[in-house]
Structure formats: structure tokens, C-alpha cells
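File shown here: model.cif, holding mmCIF, C-alpha atoms.
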```
data_target
#
loop_
_atom_site.label_atom_id
_atom_site.label_comp_id
_atom_site.auth_asym_id
_atom_site.auth_seq_id
_atom_site.Cartn_x
_atom_site.Cartn_y
_atom_site.Cartn_z
CA LEU M 545 117.37 150.20 127.17
CA LYS M 546 117.77 148.86 123.65
CA TYR M 547 117.20 145.35 125.01
CA LEU M 548 114.01 146.45 126.73
CA PHE M 549 112.75 148.02 123.51
CA VAL M 550 113.31 144.79 121.55
CA LEU M 551 111.55 142.83 124.27
CA LEU M 552 108.57 145.20 124.22
CA LEU M 553 108.38 145.02 120.47
CA ALA M 554 108.40 141.22 120.63
CA ILE M 555 105.52 141.26 123.08
CA ILE M 556 103.48 143.67 120.99
CA THR M 557 104.02 141.90 117.66
CA GLY M 558 103.65 138.56 119.40
CA ARG M 559 100.25 139.67 120.57
CA SER M 560 99.12 140.84 117.18
CA THR M 561 100.10 137.62 115.41
CA ALA M 562 98.50 135.46 118.06
CA GLN M 563 95.13 137.04 117.33
CA LYS M 564 92.18 135.45 119.01
CA ILE M 565 90.28 133.23 116.63
CA PRO M 566 86.53 133.61 117.15
CA SER M 567 84.48 130.45 117.52
CA VAL M 568 81.34 130.62 115.40
CA LYS M 569 78.29 128.65 114.27
CA MET M 570 77.25 128.39 110.63
CA ASP M 571 74.31 130.70 111.38
CA ASP M 572 76.87 133.40 112.26
CA ILE M 573 78.50 132.89 108.84
CA VAL M 574 75.08 133.13 107.18
CA LYS M 575 74.53 136.44 109.04
CA ILE M 576 77.88 137.74 107.78
CA ILE M 577 76.88 136.79 104.22
CA ASP M 578 73.38 138.26 104.50
CA SER M 579 74.63 141.57 105.85
CA SER M 580 77.70 141.98 103.64
CA THR M 581 78.02 145.29 101.84
CA THR M 582 81.11 144.33 99.83
CA PRO M 583 82.00 141.29 97.69
CA LEU M 584 82.90 138.35 99.89
CA VAL M 585 84.83 135.11 99.50
CA ILE M 586 84.33 132.50 102.19
CA ASN M 587 86.75 129.61 102.18
CA PHE M 588 86.17 126.49 104.27
CA TRP M 589 89.47 124.85 105.19
CA ALA M 590 91.47 123.07 107.87
CA SER M 591 95.15 123.15 108.79
CA TRP M 592 95.36 119.37 108.14
CA CYS M 593 93.90 119.74 104.64
CA MET M 594 96.76 119.79 102.09
CA PRO M 595 94.81 121.17 99.10
CA CYS M 596 93.45 123.90 101.39
CA ILE M 597 96.82 125.15 102.56
CA HIS M 598 98.05 124.96 99.00
CA GLU M 599 95.41 127.33 97.67
CA ILE M 600 95.07 129.86 100.54
CA PRO M 601 98.36 131.75 99.85
CA TYR M 602 97.39 132.49 96.25
CA PHE M 603 93.83 133.30 97.27
CA GLU M 604 95.28 135.97 99.58
CA LYS M 605 97.63 137.19 96.86
CA GLN M 606 94.75 137.59 94.37
CA ILE M 607 92.48 139.24 96.94
CA ALA M 608 95.24 141.80 97.63
CA GLN M 609 95.37 142.62 93.93
CA TYR M 610 91.69 143.60 93.91
CA LYS M 611 91.91 146.02 96.82
CA ASN M 612 89.90 148.60 94.86
CA LYS M 613 86.91 146.20 94.80
CA ASN M 614 86.80 146.07 98.60
CA VAL M 615 86.55 142.28 98.43
CA LYS M 616 87.04 140.39 101.68
CA LEU M 617 88.31 136.87 102.24
CA ILE M 618 87.14 135.00 105.31
CA LEU M 619 88.78 131.70 106.21
CA VAL M 620 86.46 129.41 108.15
CA SER M 621 88.50 126.68 109.81
CA LEU M 622 86.97 123.24 110.34
CA ASP M 623 89.89 122.06 112.42
CA PHE M 624 89.23 119.43 115.09
CA LYS M 625 88.03 120.76 118.43
CA GLU M 626 91.14 119.42 120.17
CA ASP M 627 93.24 121.68 117.91
CA TYR M 628 91.32 124.83 118.80
CA PRO M 629 92.61 127.33 119.63
CA GLU M 630 96.28 126.49 120.40
CA LYS M 631 97.30 124.39 117.40
CA LEU M 632 95.29 126.47 114.96
CA GLN M 633 96.76 129.66 116.38
CA ALA M 634 100.29 128.29 116.07
CA PHE M 635 99.58 127.27 112.49
CA LEU M 636 98.33 130.76 111.62
CA ALA M 637 101.28 132.45 113.28
CA LYS M 638 103.68 130.23 111.35
CA ASN M 639 101.97 130.63 107.99
CA LYS M 640 101.27 134.36 108.36
CA TYR M 641 97.78 134.35 106.88
CA THR M 642 96.49 137.89 106.54
CA SER M 643 92.77 137.09 106.20
CA HIS M 644 90.16 137.05 108.90
CA VAL M 645 90.00 133.55 110.41
CA LEU M 646 87.00 132.02 112.18
CA TRP M 647 86.63 128.56 113.68
CA LEU M 648 83.45 126.55 113.17
CA SER M 649 82.36 124.95 116.44
CA GLU M 650 79.74 122.68 114.84
CA THR M 651 80.24 119.03 113.90
CA ASP M 652 76.93 118.11 112.29
CA ALA M 653 77.55 118.47 108.56
CA ASP M 654 73.94 117.47 107.81
CA SER M 655 72.90 120.67 109.53
CA PHE M 656 75.61 123.15 108.51
CA CYS M 657 76.46 122.18 104.89
CA PRO M 658 73.03 123.03 103.38
CA LYS M 659 73.23 126.51 104.94
CA ILE M 660 76.08 127.20 102.50
CA ASP M 661 75.04 125.15 99.46
CA LYS M 662 72.65 122.30 98.70
CA ASP M 663 75.40 120.37 96.88
CA TRP M 664 78.02 120.58 99.64
CA GLU M 665 78.46 117.17 101.27
CA GLY M 666 81.35 118.23 103.48
CA ALA M 667 84.52 117.85 101.39
CA LEU M 668 87.29 120.38 102.04
CA PRO M 669 88.27 122.77 100.61
CA ALA M 670 85.09 124.58 99.58
CA THR M 671 84.74 128.20 98.53
CA LEU M 672 81.74 130.50 98.31
CA PHE M 673 81.74 133.71 96.27
CA VAL M 674 79.11 136.28 97.22
CA ASN M 675 78.18 139.70 95.93
CA ARG M 676 74.89 140.88 97.39
CA ALA M 677 74.88 144.06 95.28
CA LYS M 678 74.16 141.94 92.19
CA ASN M 679 72.51 139.03 93.95
CA TYR M 680 75.44 136.80 93.07
CA ARG M 681 76.36 133.57 94.80
CA ARG M 682 78.57 130.77 93.53
CA PHE M 683 79.75 127.70 95.40
CA VAL M 684 82.85 125.74 94.37
CA GLY M 685 83.23 122.41 96.14
CA VAL M 686 86.74 121.57 94.97
CA GLN M 687 90.26 122.99 95.15
CA MET M 688 90.77 125.94 92.79
CA SER M 689 93.85 126.81 90.76
CA GLU M 690 95.07 130.40 90.96
CA GLU M 691 93.67 131.07 87.46
CA LYS M 692 90.25 129.67 88.35
CA PHE M 693 90.18 131.64 91.58
CA LYS M 694 91.07 134.86 89.74
CA ALA M 695 88.33 134.17 87.16
CA GLY M 696 85.96 133.40 90.05
CA LEU M 697 86.75 136.76 91.62
CA GLU M 698 86.21 138.64 88.39
CA GLN M 699 82.84 136.97 87.89
CA THR M 700 81.89 138.03 91.40
CA PHE M 701 82.50 141.76 90.81
CA MET S 472 67.15 143.17 74.80
CA GLN S 473 70.91 143.23 74.52
CA LYS S 474 71.11 143.36 78.30
CA GLN S 475 68.86 140.32 78.54
CA ILE S 476 71.03 138.37 76.13
CA ILE S 477 74.12 139.26 78.13
CA LEU S 478 72.31 138.19 81.29
CA LEU S 479 71.29 134.91 79.69
CA PHE S 480 74.85 134.20 78.61
CA THR S 481 76.18 135.09 82.05
CA LEU S 482 73.67 132.71 83.56
CA MET S 483 74.54 129.92 81.13
CA PHE S 484 78.22 130.49 81.76
CA SER S 485 77.84 130.35 85.52
CA ILE S 486 75.67 127.23 85.36
CA SER S 487 78.10 125.41 83.08
CA GLY S 488 80.88 126.54 85.42
CA LEU S 489 79.06 124.95 88.32
CA PHE S 490 78.62 121.68 86.52
CA ALA S 491 82.25 121.63 85.57
CA GLN S 492 83.47 122.21 89.09
CA ASN S 493 81.18 120.60 91.61
CA ILE S 494 80.99 116.88 92.16
CA LYS S 495 77.58 115.34 92.69
CA SER S 496 77.11 111.88 94.13
CA ILE S 497 74.76 109.38 92.49
CA ALA S 498 71.15 109.40 93.64
CA ILE S 499 69.58 106.85 95.99
CA GLY S 500 68.11 104.04 93.88
CA THR S 501 70.92 104.16 91.29
CA MET S 502 72.23 100.75 90.17
CA LEU S 503 75.80 99.82 91.17
CA PRO S 504 78.00 101.74 88.68
CA SER S 505 81.18 100.46 87.00
CA GLU S 506 80.59 96.96 88.35
CA THR S 507 82.78 95.28 85.77
CA VAL S 508 85.71 97.73 85.90
CA LYS S 509 88.86 95.85 86.91
CA LEU S 510 90.55 97.21 90.00
CA MET S 511 93.90 96.25 91.46
CA ASP S 512 93.59 94.99 95.01
CA VAL S 513 96.39 95.14 97.61
CA SER S 514 96.46 91.32 97.46
CA GLY S 515 97.87 91.67 93.94
CA LYS S 516 94.70 90.30 92.34
CA GLU S 517 92.36 92.24 90.08
CA ILE S 518 88.78 92.39 91.27
CA THR S 519 85.51 93.98 90.16
CA LEU S 520 82.66 95.33 92.29
CA LYS S 521 80.51 92.60 90.79
CA ASP S 522 82.90 89.96 92.13
CA ALA S 523 82.95 91.59 95.56
CA LYS S 524 79.19 91.84 95.94
CA LYS S 525 77.64 89.20 98.21
CA ALA S 526 74.08 87.86 98.56
CA LYS S 527 72.88 90.71 100.81
CA GLY S 528 74.64 93.54 99.02
CA LEU S 529 77.82 95.56 98.92
CA VAL S 530 79.52 98.32 100.90
CA VAL S 531 81.86 100.57 98.92
CA MET S 532 83.96 103.02 100.92
CA PHE S 533 86.11 105.72 99.35
CA THR S 534 89.06 106.10 101.65
CA CYS S 535 92.84 106.58 101.67
CA ASN S 536 95.94 106.26 103.86
CA THR S 537 96.50 109.91 104.57
CA CYS S 538 93.37 111.86 105.52
CA PRO S 539 93.13 112.82 109.23
CA TYR S 540 89.41 111.98 109.14
CA VAL S 541 90.21 108.51 107.80
CA VAL S 542 92.77 108.10 110.58
CA LYS S 543 90.19 109.22 113.17
CA ASN S 544 87.84 106.56 111.78
CA GLN S 545 90.25 103.63 111.61
CA GLU S 546 88.64 101.68 114.43
CA ARG S 547 85.12 102.50 113.28
CA THR S 548 86.00 101.49 109.72
CA LYS S 549 87.25 98.08 110.80
CA GLU S 550 84.32 97.55 113.12
CA VAL S 551 81.68 98.37 110.53
CA CYS S 552 83.42 96.45 107.71
CA ASN S 553 83.54 93.38 109.92
CA TYR S 554 79.88 93.93 110.73
CA ALA S 555 78.92 94.26 107.04
CA LYS S 556 80.73 91.00 106.29
CA SER S 557 79.03 89.23 109.18
CA GLN S 558 75.66 90.37 107.81
CA GLY S 559 76.33 88.95 104.35
CA LEU S 560 77.45 92.05 102.46
CA GLY S 561 80.60 92.39 100.42
CA VAL S 562 83.13 95.10 101.32
CA VAL S 563 85.40 97.09 99.02
CA LEU S 564 87.53 100.01 100.13
CA VAL S 565 88.61 102.24 97.25
CA ASN S 566 91.56 104.62 97.14
CA SER S 567 90.93 107.22 94.40
CA ASN S 568 93.69 109.65 95.37
CA ALA S 569 95.23 109.66 91.89
CA GLY S 570 97.16 112.79 92.87
CA GLY S 571 98.85 111.02 95.76
CA ARG S 572 100.37 108.06 93.94
CA ASN S 573 103.91 109.36 94.32
CA GLY S 574 103.53 109.75 98.06
CA GLY S 575 101.37 108.51 100.90
CA ASP S 576 98.73 107.01 98.61
CA SER S 577 101.00 104.97 96.36
CA PHE S 578 100.04 101.35 95.76
CA ASP S 579 102.92 100.21 97.98
CA ALA S 580 101.75 102.55 100.75
CA MET S 581 98.24 101.10 100.36
CA LYS S 582 99.58 97.56 100.79
CA GLU S 583 101.46 98.62 103.91
CA TYR S 584 98.43 100.46 105.28
CA ALA S 585 96.11 97.48 104.70
CA LYS S 586 98.60 95.28 106.51
CA THR S 587 98.96 97.52 109.56
CA GLN S 588 95.20 97.99 109.70
CA GLY S 589 94.62 94.26 109.38
CA TYR S 590 92.14 94.65 106.53
CA HIS S 591 90.64 91.33 105.53
CA TRP S 592 88.57 92.69 102.68
CA SER S 593 89.50 94.33 99.38
CA TYR S 594 91.38 97.62 99.35
CA VAL S 595 91.69 98.62 95.71
CA MET S 596 93.41 101.36 93.77
CA ASP S 597 91.04 103.25 91.49
CA ASN S 598 91.83 103.36 87.78
CA GLY S 599 92.79 107.04 87.77
CA THR S 600 89.54 108.35 89.27
CA THR S 601 87.16 106.21 87.16
CA LEU S 602 85.26 104.84 90.12
CA ALA S 603 85.19 108.10 92.10
CA ASP S 604 83.83 109.85 89.00
CA ALA S 605 81.23 107.14 88.34
CA PHE S 606 79.99 107.44 91.95
CA GLY S 607 80.45 111.20 92.17
CA ALA S 608 82.50 110.63 95.31
CA ALA S 609 84.09 113.81 96.63
CA ARG S 610 85.70 113.00 99.95
CA THR S 611 87.24 110.41 102.24
CA PRO S 612 85.77 108.63 104.04
CA GLU S 613 82.57 108.39 101.97
CA VAL S 614 80.39 105.28 101.96
CA TYR S 615 77.88 103.72 99.55
CA VAL S 616 75.63 100.76 100.41
CA PHE S 617 73.96 98.66 97.70
CA ASP S 618 71.25 96.13 98.46
CA ALA S 619 70.87 92.55 97.21
CA ASN S 620 69.48 93.92 93.92
CA ASN S 621 72.47 96.25 93.36
CA LYS S 622 70.43 99.35 94.17
CA LEU S 623 71.97 102.22 96.15
CA VAL S 624 70.20 102.42 99.51
CA TYR S 625 72.59 104.61 101.55
CA LYS S 626 75.34 107.13 100.87
CA GLY S 627 77.39 109.33 103.16
CA ALA S 628 79.20 109.04 106.47
CA ILE S 629 79.93 106.11 108.79
CA ASP S 630 78.13 107.95 111.61
CA ASP S 631 77.01 111.40 112.70
CA ASN S 632 80.29 112.49 114.29
CA PRO S 633 83.33 111.53 112.21
CA GLY S 634 85.55 113.91 114.20
CA ASP S 635 84.76 112.52 117.64
CA ALA S 636 84.00 108.83 118.21
CA THR S 637 82.96 109.49 121.80
CA ALA S 638 80.15 111.84 120.72
CA VAL S 639 78.47 109.60 118.12
CA LYS S 640 74.70 109.46 118.45
CA LYS S 641 73.67 107.77 115.21
CA GLN S 642 75.55 104.98 113.46
CA HIS S 643 74.20 105.67 109.99
CA LEU S 644 76.11 102.95 108.14
CA LYS S 645 75.32 100.22 110.66
CA SER S 646 71.62 101.14 110.64
CA ALA S 647 71.56 101.11 106.83
CA ILE S 648 73.12 97.62 106.84
CA ASP S 649 70.61 96.37 109.44
CA GLU S 650 67.64 97.71 107.51
CA THR S 651 68.92 96.48 104.16
CA VAL S 652 69.51 92.90 105.26
CA THR S 653 66.05 92.70 106.81
CA GLY S 654 64.46 94.04 103.64
CA LYS S 655 63.35 97.30 105.25
CA ASP S 656 63.47 100.74 103.68
CA VAL S 657 66.59 102.54 104.96
CA THR S 658 65.49 105.38 107.27
CA VAL S 659 68.49 107.71 106.90
CA LYS S 660 69.39 107.35 103.23
CA GLU S 661 72.07 110.00 103.04
CA SER S 662 74.30 112.01 105.31
CA LYS S 663 76.93 114.67 104.93
CA SER S 664 80.26 114.79 106.73
CA VAL S 665 83.48 116.74 106.74
CA GLY S 666 86.24 114.91 104.91
CA CYS S 667 89.31 115.29 102.72
CA SER S 668 88.73 116.00 99.04
CA ILE S 669 89.65 113.09 96.82
CA LYS S 670 92.92 114.11 95.15
CA ARG S 671 91.81 113.83 91.55
CA SER S 672 95.06 115.11 90.04
#
```
Translate the structure described by the file into C-alpha cells.
Amino acid sequence: LKYLFVLLLAIITGRSTAQKIPSVKMDDIVKIIDSSTTPLVINFWASWCMPCIHEIPYFEKQIAQYKNKNVKLILVSLDFKEDYPEKLQAFLAKNKYTSHVLWLSETDADSFCPKIDKDWEGALPATLFVNRAKNYRRFVGVQMSEEKFKAGLEQTF
Amino acid sequence: MQKQIILLFTLMFSISGLFAQNIKSIAIGTMLPSETVKLMDVSGKEITLKDAKKAKGLVVMFTCNTCPYVVKNQERTKEVCNYAKSQGLGVVLVNSNAGGRNGGDSFDAMKEYAKTQGYHWSYVMDNGTTLADAFGAARTPEVYVFDANNKLVYKGAIDDNPGDATAVKKQHLKSAIDETVTGKDVTVKESKSVGCSIKRS
């Protein structure tokens, strides 16, 4: 019986970690931004991007420290289509990211970059801070240190 | 009034913050920057962009040894560099990953990479990030084409689908070369593409 319980538990937790990653277009992201009622941080990343996977853990740590601000972090993956969803899912399960992850199904950067910022030419990582309540929007097209990210959050509130 | 002053300062602060953090590439029409800066080539010789430029112009590509997008574009890179040479343009590949010099983007790794790729054009190590900063280059691969008069006529991607060679519809770089050598105005002057950030530190 004990064995069965462990097995069941493994299945349940296994399911929750292997969450389905929604495939989205940039217009869907724009809709999320335009309808947000809380401060929002949108990070564009990929599992192959070293500076991205360096900064995400401390982004999540900082976000957790501002729970009272209701700020949300959304990770938009630009992983290659051959890596979606299996490889991306495996990466997420291994690295235990706690944020909401979406996968961008578009490849035409000429079309999707300007929807986020006029200066974005496609380099990863890129981070967008949004707070609709005060009409605030700030795009950062480079990797951020933990200090800069924290300062970025505080400016957003 | 006080509120307005605070607002003004907040605005100034956020604008200066933007300038400090985002990298902006040079505008179309800009003259070839840093053309006399000496750069160490994998051949062991120092070169300058001025030396590398040929009668019909110059192609400068910011690239590296390590970025998955660069790897996905290895064949396309060689093809288009050969094409640029055949059309009378000079070719310089630049590695500005100053933050990767102790690993996969060391000068030795560059030499090895150039050898395995069979590069027969310059592959230089940036002086820190002097060249990347002068161009405002943010990612790899990222291409700049200068015409016979050293004027920037194209900047951006090799083509419209860096992630999938089989789905390419427009070969931006090749078209820019064709139009430049025939003295035409380049139709698509700039393009965006997903790439790896240049490791500046």
C-alpha cells in the first residue's frame, strides 16, 4: 500500500511539474499586457541562452519578495520549434522555474519585435516592465544584474 | 508644482536609464565606423576594416563560436560570405564576446572554429567591445553592409528565418549585396532577428 501511495504521488507531482506550455503569438502577449490589472514583468528568453538562464532565478527570487505588490513574471520562451514542447518542458522540470511560461510560435522578428519595443532588434534576453495603473512601460534589451532588476521592479511600482 | 518637478525628474531618470541600458545600432547612411582600429585576426595578423574593404564595399558580421543561432547559420554564413567575395566586397567576421574569452570564445577557440568552418576571410577578435559599441551591435549573428563609398546600406539578419533554413523566403543579405554592387538603392535596408546577446562583460 505504501508503495502504491508513493507511485500515485509521483504521478501527481510529475503531472504538475510537466505543465503544458501554451503556444502563443506576440499579439496574445500584447493582449495580456493591455489587459493587465497588476504590475507585470515579461522576460523574453530561451533555454539555449546562457545570460537568460543566469538571470531568471534571481528574477524569480526578487519577484517573490514583492508578493504584496501582486507583480507577475511571465517567461516567454523563444526556443526553436524543434525543441517545443518536449525539450523545453524537460528544461523547465529540471530547473524548477515557478513563473508562468509561454512559448512564442512566431519566427518573423521584423513583425513581432516592434510590438514589444521599437528598439528591440531581437537579441535575447530582453525584459519589459509594465504597470498600466500608472501608464508605465520600460524595455530593457540586455541582461540585468540582480540589483538592476530589483531597481527596475521598484521603479515599476 | 512639486508633483510636476518630481514627475519631470522621474521622466529624466527613466530616459537616462534607457539610454544607459539599451543598445542602438548605427543608422543607414552612417560611414564605416572605427575603420582604422587594429583587430587581431585568427591568421595572427592585425587588420583594420579599412584594409578589409574592397572596391564594391564591405560586409561586417558580428558572430561567435557558441551561439545556437550562429551554429544554425553556419552553412548560410559561408555561402553568403563566399558570395560577397565573388561580388567584389570585403568580408570581416567579428567576435565581440569579451565575456567569453576564458571559454568558448577565446582567441584559440576562434582559431579552431575558423579552421573547422573553413573560413577564408578575416575572423577577428574585437578589442574588448570597441567595434560592437561603435556599431551598436547587440546580437550574433548581426550583419552590416557598406557600399563602395563606405556608407551603411544594410543592417540586420542574413535572411528572414534564422531559425529554420528550410523556411527562408527572403535572403536579405544577398539581395543587399546584389543591389549594392549594381548601384541600386537597397530595398530592405534593415531587418530584425532573434540572436544571442553579445557578451559584453
Would you kindly translate the PyMOL selection byres ((chain S and resi 596) around 8) into the concrete residues it picks from this file, as a list in words? Leu510, Met511, Asp512, Val513, Val565, Asn566, Ser567, Phe578, Tyr594, Val595, Asp597 and Asn598 of chain S
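Interface residues of chain S facing chain M, defined by any atom at most 8 Å away and using all atoms listed in the file, are S:Leu489, S:Gln492, S:Asn493, S:Ile494, S:Lys495, S:Cys538, S:Pro539, S:Ala609, S:Arg610, S:Thr611, S:Asp631, S:Asn632, S:Gly634, S:Ser662, S:Lys663, S:Ser664, S:Val665, S:Gly666, S:Cys667, S:Ser668.
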Given the file above and the PyMOL selection byres ((chain M and resi 571) around 12), which residues are selected, and can you give them as number ranges by chain? M: 567-570, 572-578, 648-650, 655-660
Write a file of the selected residues as a short mmCIF file (atom, residue, chain, number, x, y, z; two decimals), in the frame of the given file, keeping C-alpha atoms.
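Generated file (selection.cif):
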```cif
data_model
loop_
_atom_site.label_atom_id
_atom_site.label_comp_id
_atom_site.auth_asym_id
_atom_site.auth_seq_id
_atom_site.Cartn_x
_atom_site.Cartn_y
_atom_site.Cartn_z
CA SER M 567 84.48 130.45 117.52
CA VAL M 568 81.34 130.62 115.40
CA LYS M 569 78.29 128.65 114.27
CA MET M 570 77.25 128.39 110.63
CA ASP M 572 76.87 133.40 112.26
CA ILE M 573 78.50 132.89 108.84
CA VAL M 574 75.08 133.13 107.18
CA LYS M 575 74.53 136.44 109.04
CA ILE M 576 77.88 137.74 107.78
CA ILE M 577 76.88 136.79 104.22
CA ASP M 578 73.38 138.26 104.50
CA LEU M 648 83.45 126.55 113.17
CA SER M 649 82.36 124.95 116.44
CA GLU M 650 79.74 122.68 114.84
CA SER M 655 72.90 120.67 109.53
CA PHE M 656 75.61 123.15 108.51
CA CYS M 657 76.46 122.18 104.89
CA PRO M 658 73.03 123.03 103.38
CA LYS M 659 73.23 126.51 104.94
CA ILE M 660 76.08 127.20 102.50
#
```
Residue by residue, what does the PyMOL selection byres ((chain M and resi 565) around 9) grab here? Present the result as number ranges by chain. M: 562-564, 566-567, 628-629, 632-633, 644-647
Can you write out the residues you just picked, keeping C-alpha atoms, as a short mmCIF file (atom, residue, chain, number, x, y, z; two decimals), keeping the file's coordinate frame?
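Listed below is the output, result_29.cif:
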```cif
data_model
loop_
_atom_site.label_atom_id
_atom_site.label_comp_id
_atom_site.auth_asym_id
_atom_site.auth_seq_id
_atom_site.Cartn_x
_atom_site.Cartn_y
_atom_site.Cartn_z
CA ALA M 562 98.50 135.46 118.06
CA GLN M 563 95.13 137.04 117.33
CA LYS M 564 92.18 135.45 119.01
CA PRO M 566 86.53 133.61 117.15
CA SER M 567 84.48 130.45 117.52
CA TYR M 628 91.32 124.83 118.80
CA PRO M 629 92.61 127.33 119.63
CA LEU M 632 95.29 126.47 114.96
CA GLN M 633 96.76 129.66 116.38
CA HIS M 644 90.16 137.05 108.90
CA VAL M 645 90.00 133.55 110.41
CA LEU M 646 87.00 132.02 112.18
CA TRP M 647 86.63 128.56 113.68
#
```
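Going from CA of Glu583 in chain S to CA of Gly570 in chain S covers 18.5 Å.
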How many Å separate CA of Ile499 in chain S from CA of Lys549 in chain S?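 According to the coordinates, CA of Ile499 in chain S and CA of Lys549 in chain S are separated by 24.7 Å.
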Distance of CA of Asp604 in chain S from CA of Phe673 in chain M, expressed in Å to one decimal place: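 The value is 25.0 Å.
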Name the residues in contact with Asn620 in chain S at a cut-off of 9 Å, using all atoms listed in the file, excluding same-chain residues fewer than 6 positions from it; report them as a count of residues only. 4
Set the distance at 12 Å and use only C-alpha atoms: which residues neighbour Ile600 in chain M once local chain neighbours fewer than 2 positions away are removed? I'd like the list as a PyMOL selection string. chain M and resi 585-591+593-598+602-607+617-621+636+639-643+645+669-671+687-690+693
Identify, on the basis of all atoms listed in the file, every residue whose closest approach to Ile648 in chain S does not exceed 9 Å; exclude the query and any residue fewer than 3 positions from it along the same chain; express the result as a list in words.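 Result of the neighbour search: Gly528, Val530, Tyr554, Ala555, Gln558, Leu560, Val616, Asp618, Tyr625, His643, Leu644, Lys645, Thr651, Val652, Thr653 and Val657 of chain S.
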Of the candidates S:Lys543, S:Leu529, S:Gly575, S:Ser672, which one gets nearest to Ala647 in chain S if we count only C-alpha atoms?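 Nearest to Ala647 in chain S: S:Leu529.
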